[in-house]
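Heads up, final.pdb below (PDB, C-alpha atoms):
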```
ATOM      1  CA  MET Y   2     146.537 109.876 104.513
ATOM      2  CA  SER Y   3     143.674 112.315 104.007
ATOM      3  CA  THR Y   4     140.976 112.871 106.577
ATOM      4  CA  ALA Y   5     138.424 111.260 104.238
ATOM      5  CA  GLN Y   6     140.615 108.168 103.779
ATOM      6  CA  SER Y   7     141.148 107.766 107.509
ATOM      7  CA  SER Y   8     137.440 107.859 108.295
ATOM      8  CA  SER Y   9     136.365 104.699 110.109
ATOM      9  CA  LYS Y  10     133.377 104.046 107.857
ATOM     10  CA  ARG Y  11     131.099 105.465 105.224
ATOM     11  CA  ILE Y  12     127.363 105.789 105.735
ATOM     12  CA  PRO Y  13     124.629 105.771 103.068
ATOM     13  CA  ASN Y  14     123.512 109.067 101.572
ATOM     14  CA  PHE Y  15     120.769 110.303 103.863
ATOM     15  CA  ALA Y  16     117.124 110.153 102.791
ATOM     16  CA  ASP Y  17     115.476 111.174 106.059
ATOM     17  CA  HIS Y  18     116.359 112.844 109.335
ATOM     18  CA  ALA Y  19     118.340 110.432 111.506
ATOM     19  CA  LEU Y  20     115.857 110.866 114.375
ATOM     20  CA  ILE Y  21     112.560 109.916 112.719
ATOM     21  CA  GLY Y  22     112.534 106.622 114.624
ATOM     22  CA  GLU Y  23     109.492 104.398 114.120
ATOM     23  CA  SER Y  24     108.112 106.725 111.439
ATOM     24  CA  ALA Y  25     110.644 105.203 109.044
ATOM     25  CA  LYS Y  26     108.363 102.147 108.987
ATOM     26  CA  LEU Y  27     105.575 104.090 107.275
ATOM     27  CA  PRO Y  28     105.662 103.514 103.495
ATOM     28  CA  ILE Y  29     106.601 106.361 101.166
ATOM     29  CA  ASN Y  30     107.705 106.685  97.543
ATOM     30  CA  ASP Y  31     111.199 107.819  96.582
ATOM     31  CA  ALA Y  32     112.001 111.498  97.005
ATOM     32  CA  THR Y  33     113.146 113.638  94.086
ATOM     33  CA  ALA Y  34     114.860 117.016  93.861
ATOM     34  CA  VAL Y  35     112.632 120.061  94.364
ATOM     35  CA  ILE Y  36     112.571 123.376  92.517
ATOM     36  CA  SER Y  37     111.029 126.458  94.110
ATOM     37  CA  ILE Y  38     110.407 130.098  93.329
ATOM     38  CA  SER Y  39     109.858 132.843  95.905
ATOM     39  CA  PRO Y  40     108.505 135.392  95.844
ATOM     40  CA  LEU Y  41     106.271 134.850  92.866
ATOM     41  CA  ILE Y  42     104.253 138.074  92.794
ATOM     42  CA  LEU Y  43     100.734 137.721  91.461
ATOM     43  CA  PRO Y  44      99.236 141.121  90.595
ATOM     44  CA  ALA Y  45      96.029 141.684  92.590
ATOM     45  CA  PRO Y  46      94.680 145.222  92.018
ATOM     46  CA  ASP Y  47      91.512 144.555  94.046
ATOM     47  CA  ARG Y  48      93.513 143.384  97.053
ATOM     48  CA  MET Y  49      95.281 145.560  99.633
ATOM     49  CA  MET Y  50      98.585 144.488  98.053
ATOM     50  CA  ASP Y  51      99.719 142.068  95.358
ATOM     51  CA  MET Y  52      99.873 138.439  96.434
ATOM     52  CA  HIS Y  53     103.279 137.002  97.250
ATOM     53  CA  LEU Y  54     103.620 133.253  96.747
ATOM     54  CA  ARG Y  55     106.114 130.452  97.079
ATOM     55  CA  VAL Y  56     105.646 127.648  94.567
ATOM     56  CA  SER Y  57     107.524 124.360  94.955
ATOM     57  CA  ALA Y  58     107.429 121.287  92.728
ATOM     58  CA  PRO Y  59     109.430 118.199  91.781
ATOM     59  CA  ALA Y  60     112.205 119.032  89.351
ATOM     60  CA  THR Y  61     110.862 116.410  86.950
ATOM     61  CA  GLY Y  62     107.531 114.850  86.075
ATOM     62  CA  ASN Y  63     104.209 115.939  84.602
ATOM     63  CA  ASN Y  64     100.540 115.939  85.594
ATOM     64  CA  LEU Y  65     101.503 117.058  89.092
ATOM     65  CA  PRO Y  66      98.621 117.283  91.577
ATOM     66  CA  ILE Y  67      98.371 120.613  93.406
ATOM     67  CA  ILE Y  68      98.334 121.440  97.120
ATOM     68  CA  LEU Y  69      97.236 124.897  98.204
ATOM     69  CA  LEU Y  70      98.819 125.447 101.648
ATOM     70  CA  SER Y  71      97.385 128.084 104.000
ATOM     71  CA  HIS Y  72      99.641 129.193 106.864
ATOM     72  CA  GLY Y  73      98.558 129.810 110.450
ATOM     73  CA  GLN Y  74      98.464 132.943 112.590
ATOM     74  CA  GLY Y  75     101.344 131.916 114.862
ATOM     75  CA  PRO Y  76     103.645 134.206 116.891
ATOM     76  CA  SER Y  77     106.851 133.712 114.887
ATOM     77  CA  ASN Y  78     107.906 136.646 112.763
ATOM     78  CA  ASN Y  79     108.276 134.820 109.431
ATOM     79  CA  LEU Y  80     106.533 131.438 109.506
ATOM     80  CA  SER Y  81     103.067 132.880 108.960
ATOM     81  CA  SER Y  82     103.960 133.611 105.349
ATOM     82  CA  LEU Y  83     105.448 132.047 102.228
ATOM     83  CA  ASN Y  84     108.662 131.653 104.271
ATOM     84  CA  GLY Y  85     107.164 129.025 106.584
ATOM     85  CA  TYR Y  86     106.034 125.412 106.485
ATOM     86  CA  SER Y  87     109.077 124.081 104.652
ATOM     87  CA  PRO Y  88     108.960 120.759 106.590
ATOM     88  CA  ILE Y  89     105.720 119.761 104.899
ATOM     89  CA  ALA Y  90     105.830 121.858 101.711
ATOM     90  CA  ASN Y  91     109.242 120.533 100.690
ATOM     91  CA  PHE Y  92     108.304 116.985 101.666
ATOM     92  CA  TRP Y  93     105.133 116.975  99.570
ATOM     93  CA  ALA Y  94     106.971 118.526  96.624
ATOM     94  CA  ALA Y  95     109.783 115.969  96.878
ATOM     95  CA  HIS Y  96     107.172 113.217  96.747
ATOM     96  CA  GLY Y  97     105.199 114.369  93.732
ATOM     97  CA  PHE Y  98     103.028 117.416  94.468
ATOM     98  CA  ALA Y  99     103.176 121.036  93.363
ATOM     99  CA  VAL Y 100     102.702 123.193  96.476
ATOM    100  CA  ILE Y 101     101.492 126.806  96.395
ATOM    101  CA  GLN Y 102     101.908 128.929  99.526
ATOM    102  CA  PRO Y 103     100.301 132.375  99.698
ATOM    103  CA  THR Y 104     101.189 135.078 102.194
ATOM    104  CA  HIS Y 105      97.798 136.082 103.588
ATOM    105  CA  LEU Y 106      97.158 139.660 104.726
ATOM    106  CA  GLY Y 107      97.030 138.410 108.330
ATOM    107  CA  SER Y 108     100.695 137.414 108.177
ATOM    108  CA  ARG Y 109     102.895 138.789 110.954
ATOM    109  CA  THR Y 110     105.333 139.820 108.219
ATOM    110  CA  LEU Y 111     102.818 142.519 107.228
ATOM    111  CA  CYS Y 112     101.432 143.556 110.648
ATOM    112  CA  ILE Y 113      98.310 145.155 109.160
ATOM    113  CA  SER Y 114      96.243 146.731 111.930
ATOM    114  CA  PRO Y 115      92.453 147.134 112.280
ATOM    115  CA  GLU Y 116      92.947 150.822 111.503
ATOM    116  CA  ASP Y 117      94.228 149.846 108.068
ATOM    117  CA  HIS Y 118      91.682 147.126 107.271
ATOM    118  CA  PRO Y 119      88.430 146.089 108.991
ATOM    119  CA  GLU Y 120      89.290 142.365 108.748
ATOM    120  CA  ALA Y 121      92.622 142.746 110.576
ATOM    121  CA  PRO Y 122      94.305 140.991 112.210
ATOM    122  CA  TRP Y 123      92.763 137.591 111.332
ATOM    123  CA  PHE Y 124      91.482 138.310 107.781
ATOM    124  CA  LEU Y 125      89.313 135.199 107.950
ATOM    125  CA  ARG Y 126      87.292 135.856 104.791
ATOM    126  CA  SER Y 127      90.177 137.474 102.904
ATOM    127  CA  ARG Y 128      92.242 134.295 103.311
ATOM    128  CA  VAL Y 129      89.594 132.247 101.504
ATOM    129  CA  ILE Y 130      89.365 134.803  98.687
ATOM    130  CA  ASP Y 131      93.177 134.629  98.348
ATOM    131  CA  CYS Y 132      92.926 130.913  97.652
ATOM    132  CA  LYS Y 133      90.160 131.350  95.106
ATOM    133  CA  LEU Y 134      92.240 133.982  93.330
ATOM    134  CA  ILE Y 135      95.134 131.528  93.074
ATOM    135  CA  LEU Y 136      92.865 128.874  91.576
ATOM    136  CA  ASP Y 137      91.451 131.403  89.102
ATOM    137  CA  ARG Y 138      94.958 132.208  87.892
ATOM    138  CA  LEU Y 139      96.827 128.925  87.848
ATOM    139  CA  ASP Y 140      97.731 129.431  84.181
ATOM    140  CA  GLU Y 141      99.313 132.783  85.012
ATOM    141  CA  ILE Y 142     101.246 131.255  87.917
ATOM    142  CA  GLU Y 143     102.633 128.638  85.544
ATOM    143  CA  THR Y 144     103.680 131.381  83.128
ATOM    144  CA  LEU Y 145     105.498 133.208  85.931
ATOM    145  CA  PHE Y 146     107.345 129.985  86.843
ATOM    146  CA  PRO Y 147     108.317 128.558  83.424
ATOM    147  CA  GLN Y 148     109.931 125.437  84.902
ATOM    148  CA  ILE Y 149     106.470 124.134  85.846
ATOM    149  CA  GLN Y 150     104.537 125.428  82.842
ATOM    150  CA  GLY Y 151     102.300 122.721  81.423
ATOM    151  CA  ARG Y 152     103.247 120.288  84.200
ATOM    152  CA  LEU Y 153     100.351 120.810  86.658
ATOM    153  CA  ASP Y 154      97.140 118.792  86.804
ATOM    154  CA  HIS Y 155      94.409 121.389  87.363
ATOM    155  CA  SER Y 156      91.828 118.658  87.956
ATOM    156  CA  ARG Y 157      93.540 117.299  91.094
ATOM    157  CA  ILE Y 158      93.673 120.065  93.696
ATOM    158  CA  ALA Y 159      93.780 119.776  97.486
ATOM    159  CA  VAL Y 160      93.830 122.444 100.182
ATOM    160  CA  VAL Y 161      95.720 122.123 103.463
ATOM    161  CA  GLY Y 162      95.706 124.557 106.354
ATOM    162  CA  HIS Y 163      97.367 124.651 109.765
ATOM    163  CA  SER Y 164      95.742 126.316 112.784
ATOM    164  CA  GLY Y 165      94.172 129.538 111.454
ATOM    165  CA  GLY Y 166      94.905 128.235 107.976
ATOM    166  CA  GLY Y 167      92.742 125.254 108.855
ATOM    167  CA  HIS Y 168      89.783 127.599 109.095
ATOM    168  CA  THR Y 169      90.652 128.841 105.595
ATOM    169  CA  ALA Y 170      90.836 125.303 104.257
ATOM    170  CA  GLY Y 171      87.607 124.355 106.024
ATOM    171  CA  ARG Y 172      85.683 127.198 104.376
ATOM    172  CA  LEU Y 173      86.908 126.103 100.957
ATOM    173  CA  LEU Y 174      85.830 122.546 101.777
ATOM    174  CA  GLY Y 175      82.313 123.639 102.758
ATOM    175  CA  ALA Y 176      82.431 124.737 106.400
ATOM    176  CA  ARG Y 177      80.516 127.962 107.073
ATOM    177  CA  GLY Y 178      78.776 129.985 109.755
ATOM    178  CA  ASN Y 179      75.856 128.487 111.666
ATOM    179  CA  ASP Y 180      73.664 131.604 111.713
ATOM    180  CA  PRO Y 181      71.764 132.423 108.461
ATOM    181  CA  THR Y 182      71.551 136.078 109.535
ATOM    182  CA  HIS Y 183      75.332 136.450 109.929
ATOM    183  CA  PRO Y 184      77.782 137.148 107.044
ATOM    184  CA  THR Y 185      79.759 134.001 107.899
ATOM    185  CA  TYR Y 186      76.846 131.914 106.616
ATOM    186  CA  GLU Y 187      78.073 132.678 103.096
ATOM    187  CA  ASP Y 188      79.029 129.526 101.190
ATOM    188  CA  LEU Y 189      82.678 129.892 100.123
ATOM    189  CA  SER Y 190      83.254 126.269  99.129
ATOM    190  CA  ASP Y 191      85.048 125.639  95.855
ATOM    191  CA  ALA Y 192      84.243 122.671  93.629
ATOM    192  CA  ARG Y 193      87.711 122.806  92.065
ATOM    193  CA  ILE Y 194      89.101 121.496  95.356
ATOM    194  CA  LYS Y 195      88.724 117.716  95.537
ATOM    195  CA  ALA Y 196      90.179 117.042  99.014
ATOM    196  CA  GLY Y 197      91.573 118.734 102.075
ATOM    197  CA  ILE Y 198      93.577 118.379 105.265
ATOM    198  CA  LEU Y 199      92.953 120.327 108.468
ATOM    199  CA  LEU Y 200      96.042 120.470 110.705
ATOM    200  CA  ALA Y 201      95.274 121.494 114.327
ATOM    201  CA  SER Y 202      92.388 123.504 112.906
ATOM    202  CA  PRO Y 203      89.754 125.553 114.769
ATOM    203  CA  GLY Y 204      86.690 123.546 115.698
ATOM    204  CA  ASP Y 205      83.020 124.460 115.846
ATOM    205  CA  GLY Y 206      82.374 127.817 117.491
ATOM    206  CA  ARG Y 207      79.184 126.867 119.360
ATOM    207  CA  GLY Y 208      78.381 130.529 119.806
ATOM    208  CA  GLY Y 209      81.602 131.091 121.710
ATOM    209  CA  GLU Y 210      81.364 128.163 124.138
ATOM    210  CA  GLY Y 211      84.857 127.043 125.106
ATOM    211  CA  LEU Y 212      86.678 129.499 122.866
ATOM    212  CA  GLY Y 213      89.875 131.126 124.060
ATOM    213  CA  PRO Y 214      89.989 134.880 124.712
ATOM    214  CA  ALA Y 215      91.480 135.774 121.326
ATOM    215  CA  ALA Y 216      89.224 133.535 119.232
ATOM    216  CA  LEU Y 217      86.125 134.638 121.144
ATOM    217  CA  ASN Y 218      86.340 138.096 119.586
ATOM    218  CA  THR Y 219      86.387 136.758 116.026
ATOM    219  CA  ASP Y 220      83.936 135.122 113.647
ATOM    220  CA  LEU Y 221      85.286 131.759 114.809
ATOM    221  CA  LYS Y 222      82.414 131.665 117.307
ATOM    222  CA  TYR Y 223      80.005 131.098 114.378
ATOM    223  CA  HIS Y 224      82.132 128.456 112.645
ATOM    224  CA  SER Y 225      80.468 125.111 111.843
ATOM    225  CA  HIS Y 226      81.623 122.025 109.937
ATOM    226  CA  ALA Y 227      78.108 120.694 109.344
ATOM    227  CA  GLU Y 228      78.234 121.470 105.599
ATOM    228  CA  MET Y 229      81.847 120.379 105.029
ATOM    229  CA  LYS Y 230      81.171 117.503 102.636
ATOM    230  CA  THR Y 231      84.443 117.345 100.661
ATOM    231  CA  PRO Y 232      86.729 114.399 101.589
ATOM    232  CA  THR Y 233      88.994 115.628 104.388
ATOM    233  CA  LEU Y 234      91.655 114.359 106.762
ATOM    234  CA  VAL Y 235      91.536 116.051 110.168
ATOM    235  CA  VAL Y 236      94.865 115.911 112.040
ATOM    236  CA  ILE Y 237      95.087 116.711 115.745
ATOM    237  CA  GLY Y 238      97.698 116.385 118.456
ATOM    238  CA  ASP Y 239      96.187 114.441 121.350
ATOM    239  CA  SER Y 240      97.962 116.817 123.775
ATOM    240  CA  ASP Y 241      97.003 120.021 121.971
ATOM    241  CA  GLY Y 242      95.640 122.294 124.680
ATOM    242  CA  PHE Y 243      96.293 125.535 122.787
ATOM    243  CA  PRO Y 244      94.528 128.106 125.044
ATOM    244  CA  PHE Y 245      94.801 130.841 122.409
ATOM    245  CA  LEU Y 246      91.967 129.092 120.564
ATOM    246  CA  THR Y 247      90.065 127.005 123.095
ATOM    247  CA  SER Y 248      89.609 125.756 126.651
ATOM    248  CA  ARG Y 249      88.141 122.478 125.361
ATOM    249  CA  GLY Y 250      91.509 120.830 124.791
ATOM    250  CA  ALA Y 251      92.529 118.585 121.915
ATOM    251  CA  GLU Y 252      89.030 117.377 121.020
ATOM    252  CA  TYR Y 253      88.122 120.912 119.893
ATOM    253  CA  HIS Y 254      90.405 120.410 116.898
ATOM    254  CA  ALA Y 255      88.620 117.153 115.988
ATOM    255  CA  ASP Y 256      85.239 118.844 115.397
ATOM    256  CA  GLY Y 257      85.869 118.876 111.650
ATOM    257  CA  TYR Y 258      85.785 115.078 111.745
ATOM    258  CA  TYR Y 259      82.954 114.454 114.202
ATOM    259  CA  PHE Y 260      80.479 117.104 113.039
ATOM    260  CA  SER Y 261      80.908 117.062 109.255
ATOM    261  CA  GLN Y 262      79.292 115.040 106.503
ATOM    262  CA  GLY Y 263      80.760 112.809 103.854
ATOM    263  CA  PRO Y 264      83.936 110.709 103.860
ATOM    264  CA  LYS Y 265      86.345 111.864 106.563
ATOM    265  CA  SER Y 266      89.429 110.570 108.351
ATOM    266  CA  LEU Y 267      90.922 111.555 111.692
ATOM    267  CA  LEU Y 268      94.614 111.211 112.556
ATOM    268  CA  LYS Y 269      95.442 111.592 116.240
ATOM    269  CA  VAL Y 270      99.144 112.302 116.743
ATOM    270  CA  LYS Y 271     100.387 110.654 119.940
ATOM    271  CA  ASP Y 272     101.766 113.287 122.364
ATOM    272  CA  GLY Y 273     101.393 115.901 119.621
ATOM    273  CA  LYS Y 274     100.657 119.503 120.470
ATOM    274  CA  HIS Y 275      99.639 122.428 118.294
ATOM    275  CA  GLY Y 276     102.786 122.251 116.159
ATOM    276  CA  LEU Y 277     102.262 118.556 115.313
ATOM    277  CA  GLY Y 278     105.973 117.901 115.681
ATOM    278  CA  GLY Y 279     107.028 121.042 113.800
ATOM    279  CA  VAL Y 280     104.977 121.394 110.594
ATOM    280  CA  SER Y 281     105.433 125.168 110.451
ATOM    281  CA  GLY Y 282     109.219 125.165 110.523
ATOM    282  CA  PHE Y 283     112.346 123.411 111.714
ATOM    283  CA  ASP Y 284     113.614 124.312 115.227
ATOM    284  CA  THR Y 285     111.099 127.116 115.601
ATOM    285  CA  ALA Y 286     109.611 129.262 118.328
ATOM    286  CA  GLU Y 287     106.158 127.953 117.483
ATOM    287  CA  ALA Y 288     107.075 124.383 118.363
ATOM    288  CA  THR Y 289     109.406 124.776 121.342
ATOM    289  CA  ASP Y 290     107.403 122.202 123.338
ATOM    290  CA  ASP Y 291     106.496 120.074 120.326
ATOM    291  CA  GLU Y 292     109.661 119.670 118.261
ATOM    292  CA  SER Y 293     109.916 116.020 117.203
ATOM    293  CA  PRO Y 294     111.432 114.715 113.954
ATOM    294  CA  GLU Y 295     109.589 111.438 114.571
ATOM    295  CA  ARG Y 296     106.133 113.014 114.973
ATOM    296  CA  LEU Y 297     106.784 115.352 112.072
ATOM    297  CA  ALA Y 298     107.831 112.469 109.807
ATOM    298  CA  MET Y 299     104.666 110.579 110.707
ATOM    299  CA  VAL Y 300     102.508 113.596 109.834
ATOM    300  CA  GLN Y 301     104.435 114.119 106.584
ATOM    301  CA  ARG Y 302     103.992 110.518 105.457
ATOM    302  CA  MET Y 303     100.392 110.050 106.547
ATOM    303  CA  THR Y 304      99.198 113.301 104.946
ATOM    304  CA  TRP Y 305     101.029 112.429 101.721
ATOM    305  CA  ALA Y 306      99.404 108.993 101.698
ATOM    306  CA  TYR Y 307      95.927 110.414 102.297
ATOM    307  CA  LEU Y 308      96.173 112.892  99.437
ATOM    308  CA  ARG Y 309      97.589 110.294  97.070
ATOM    309  CA  SER Y 310      94.625 107.985  97.627
ATOM    310  CA  VAL Y 311      91.869 110.572  97.713
ATOM    311  CA  LEU Y 312      93.091 112.229  94.503
ATOM    312  CA  TYR Y 313      93.908 108.895  92.845
ATOM    313  CA  PRO Y 314      91.330 106.369  94.136
ATOM    314  CA  GLU Y 315      93.251 103.459  92.631
ATOM    315  CA  ASP Y 316      96.317 104.346  94.752
ATOM    316  CA  LEU Y 317      96.538 102.191  97.910
ATOM    317  CA  ALA Y 318      98.914 104.557  99.742
ATOM    318  CA  TRP Y 319      96.374 105.488 102.445
ATOM    319  CA  SER Y 320      95.247 101.964 103.280
ATOM    320  CA  GLU Y 321      98.871 100.805 103.354
ATOM    321  CA  ALA Y 322      99.898 103.715 105.581
ATOM    322  CA  CYS Y 323      96.995 103.086 107.967
ATOM    323  CA  ALA Y 324      97.892  99.387 108.169
ATOM    324  CA  ALA Y 325     101.494 100.301 108.991
ATOM    325  CA  LEU Y 326     100.418 102.844 111.614
ATOM    326  CA  ASP Y 327      98.215 100.228 113.280
ATOM    327  CA  GLN Y 328     101.447  98.437 114.167
ATOM    328  CA  LEU Y 329     102.964 101.639 115.613
ATOM    329  CA  PRO Y 330     100.567 102.768 118.387
ATOM    330  CA  GLY Y 331     103.270 104.926 119.927
ATOM    331  CA  LEU Y 332     102.955 107.290 116.934
ATOM    332  CA  GLY Y 333      99.200 107.733 116.636
ATOM    333  CA  LYS Y 334      96.007 106.247 115.296
ATOM    334  CA  VAL Y 335      93.497 106.762 112.509
ATOM    335  CA  GLU Y 336      89.707 106.692 112.416
ATOM    336  CA  ASN Y 337      87.695 106.675 109.171
ATOM    337  CA  LYS Y 338      84.042 107.304 108.434
ATOM    338  CA  GLU Y 339      82.006 107.258 105.246
TER     339      GLU Y 339
END
```
What do you get writing this file as structure tokens?
Amino acid sequence: MSTAQSSSKRIPNFADHALIGESAKLPINDATAVISISPLILPAPDRMMDMHLRVSAPATGNNLPIILLSHGQGPSNNLSSLNGYSPIANFWAAHGFAVIQPTHLGSRTLCISPEDHPEAPWFLRSRVIDCKLILDRLDEIETLFPQIQGRLDHSRIAVVGHSGGGHTAGRLLGARGNDPTHPTYEDLSDARIKAGILLASPGDGRGGEGLGPAALNTDLKYHSHAEMKTPTLVVIGDSDGFPFLTSRGAEYHADGYYFSQGPKSLLKVKDGKHGLGGVSGFDTAEATDDESPERLAMVQRMTWAYLRSVLYPEDLAWSEACAALDQLPGLGKVENKE
């Protein structure tokens, strides 16, 4: 008798990680196979180097909404690039989105120093310009990835950023500096972007009050969400005390919700820290104290639901997800404001 025949039982083909726990109770559509290309090299003669992208999408389907995903400035050697964030990028692609991931010049994979570029190492403005360049050249990106050509919906675009990438996303959504005499006051919002998500993002700078030692020496001290009017979901870990950015604790990361205008939602991840369960990568150095398939699955499903409903107002995914989460207080909670 073969080993397979002697097995005590068969189990269903897996759809999710076996350890996602209560997050399995949050509604989600069926996953499909994903196709991805990396690196897709977008010529950029006015940039320090050409832009290297990863593009992921469902293997089938048309009129795919687009997520522009901006990585953080974390300490891992590869995650701050197109090689990171597979836990959320692959999930969103499997559930109906096309996801574009640039490698910003601040990536640790490049290690560009202040001697080489005045914006190094954070490249706060350059990151935003990267995203605008991608939006300007979506047709070219489709040509370079023929399997998605003609399948993207250029009218339904969202931006998502984690940590330092949250600052990038915030600027595209309308956040800007609070001092009219400072260059950060420049309006870099983009009307092509209809919605956004800030994941453990920098909060308001307040002139440097409460900023960590690294952030204090950057333009983050001028950052303000007062003009961020685009619909946005702000996601924070309620145990995020990331001292690299702030001494104010988790509430610092909620500033994008409390101090902005327009329709906003806030998702507080129970016991979550800066990695929000591991959004940047599976089993990674950046989430050694925050690795949780259950928390990660909750963030995956809730962010998917938010973007579905904000890009397709007739879609009830967000209200249904919020209702389900209300019954699961051990995972987190949502606040909404108009």
- [ ] List the neighbours of stretch 59-65 of chain Y out to 10 Å using only C-alpha atoms; skip same-chain residues closer than 3 positions along the sequence, and give me the result as a ChimeraX atom specification.
- [x] /Y:32-37,68,91,93-100,148-158
As a check of understanding: the span from atom CA of Y:Ala90 to atom CA of Y:Leu145 is 19.4 Å
Problem - Closest of Y:Thr185, Y:Leu246, Y:Ala176, Y:Pro122 to Y:Glu228 - atom-to-atom distances counting only C-alpha atoms - result: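 Checking each of Y:Thr185, Y:Leu246, Y:Ala176, Y:Pro122 against Y:Glu228, counting only C-alpha atoms, the winner is Y:Ala176.
When all atoms listed in the file are used to compute distances to Y:Gln262, the closest of the residues Y:His18, Y:Lys338, Y:Arg207, Y:Lys133 turns out to be Y:Lys338.
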- Excluding Y:Asp137 and any residue of its chain fewer than 3 positions from it, enumerate the residues within 12 Å of it, using only C-alpha atoms, and give them as a list in words.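 So the residues in contact are Leu43, Ala45, Ile130, Asp131, Cys132, Lys133, Leu134, Asp140, Glu141, Ile142, His155, Asp191, Arg193 and Ile194 of chain Y.
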Residue contacts of Y:Leu277 (7 Å, all atoms listed in the file) excluding same-chain residues fewer than 2 positions away, as a VMD selection string: chain Y and resid 238 273 to 275 279 to 280 291 296 to 297
The centre and edge lengths of an axis-aligned box containing all atoms of stretch 266-283 of chain Y present in the file, extended by 4 Å on each side, are to be given in Å to one decimal, as lines of an AutoDock Vina configuration file.
```
center_x = 100.9
center_y = 117.9
center_z = 115.4
size_x = 30.9
size_y = 22.6
size_z = 22.0
```
Report as a list in words all protein, DNA and RNA residues lying within 12 Å of Y:Ala216, evaluated on all atoms listed in the file, omitting residues in the same chain fewer than 3 positions from it. Gln74, Pro122, Trp123, Leu125, Ser164, Gly165, His168, Pro203, Gly204, Asp205, Gly206, Gly208, Gly209, Glu210, Gly211, Leu212, Gly213, Thr219, Asp220, Leu221, Lys222, Tyr223, His224, Phe243, Pro244, Phe245, Leu246, Thr247 and Ser248 of chain Y
(Q) I'd like to see the residues matched by the PyMOL selection byres ((chain Y and resi 240) around 12) on this file, and ideally I'd get them as a list in words. (A)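 Written out, the selection comes to Ala201, Ile237, Gly238, Asp239, Asp241, Gly242, Phe243, Pro244, Arg249, Gly250, Ala251, Glu252, Tyr253, His254, Lys269, Val270, Lys271, Asp272, Gly273, Lys274, His275, Gly276, Leu277, Gly278, Asp290, Asp291 and Gly333 of chain Y.
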For stretch 265-269 of chain Y, which lacks atoms in the input, supply all heavy atoms and format the output as a CSV table (one decimal), in the coordinates of the input.
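part-v1.csv, written as the output of this step:
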```csv
chain,number,residue,atom,x,y,z
Y,265,LYS,N,85.4,111.1,105.8
Y,265,LYS,CA,86.3,111.9,106.6
Y,265,LYS,C,87.3,110.9,107.3
Y,265,LYS,O,86.9,109.7,107.5
Y,265,LYS,CB,85.7,112.7,107.6
Y,265,LYS,CG,84.7,113.8,107.1
Y,265,LYS,CD,85.5,114.9,106.4
Y,265,LYS,CE,84.6,116.0,106.0
Y,265,LYS,NZ,83.7,115.6,104.9
Y,266,SER,N,88.5,111.3,107.6
Y,266,SER,CA,89.4,110.6,108.4
Y,266,SER,C,90.0,111.5,109.4
Y,266,SER,O,90.1,112.7,109.3
Y,266,SER,CB,90.6,110.0,107.5
Y,266,SER,OG,90.1,109.1,106.5
Y,267,LEU,N,90.4,110.8,110.5
Y,267,LEU,CA,90.9,111.6,111.7
Y,267,LEU,C,92.2,110.9,112.1
Y,267,LEU,O,92.3,109.7,112.3
Y,267,LEU,CB,90.0,111.5,112.9
Y,267,LEU,CG,90.5,112.1,114.2
Y,267,LEU,CD1,90.7,113.6,114.1
Y,267,LEU,CD2,89.5,111.8,115.3
Y,268,LEU,N,93.3,111.7,112.1
Y,268,LEU,CA,94.6,111.2,112.6
Y,268,LEU,C,94.9,111.9,113.9
Y,268,LEU,O,95.1,113.1,113.9
Y,268,LEU,CB,95.7,111.5,111.5
Y,268,LEU,CG,97.1,111.3,111.9
Y,268,LEU,CD1,97.4,109.8,112.2
Y,268,LEU,CD2,98.1,111.8,110.8
Y,269,LYS,N,95.1,111.1,114.9
Y,269,LYS,CA,95.4,111.6,116.2
Y,269,LYS,C,96.9,111.3,116.4
Y,269,LYS,O,97.4,110.2,116.4
Y,269,LYS,CB,94.6,110.9,117.3
Y,269,LYS,CG,93.2,111.3,117.3
Y,269,LYS,CD,92.4,110.7,118.6
Y,269,LYS,CE,91.0,111.2,118.6
Y,269,LYS,NZ,90.3,110.7,119.8
```
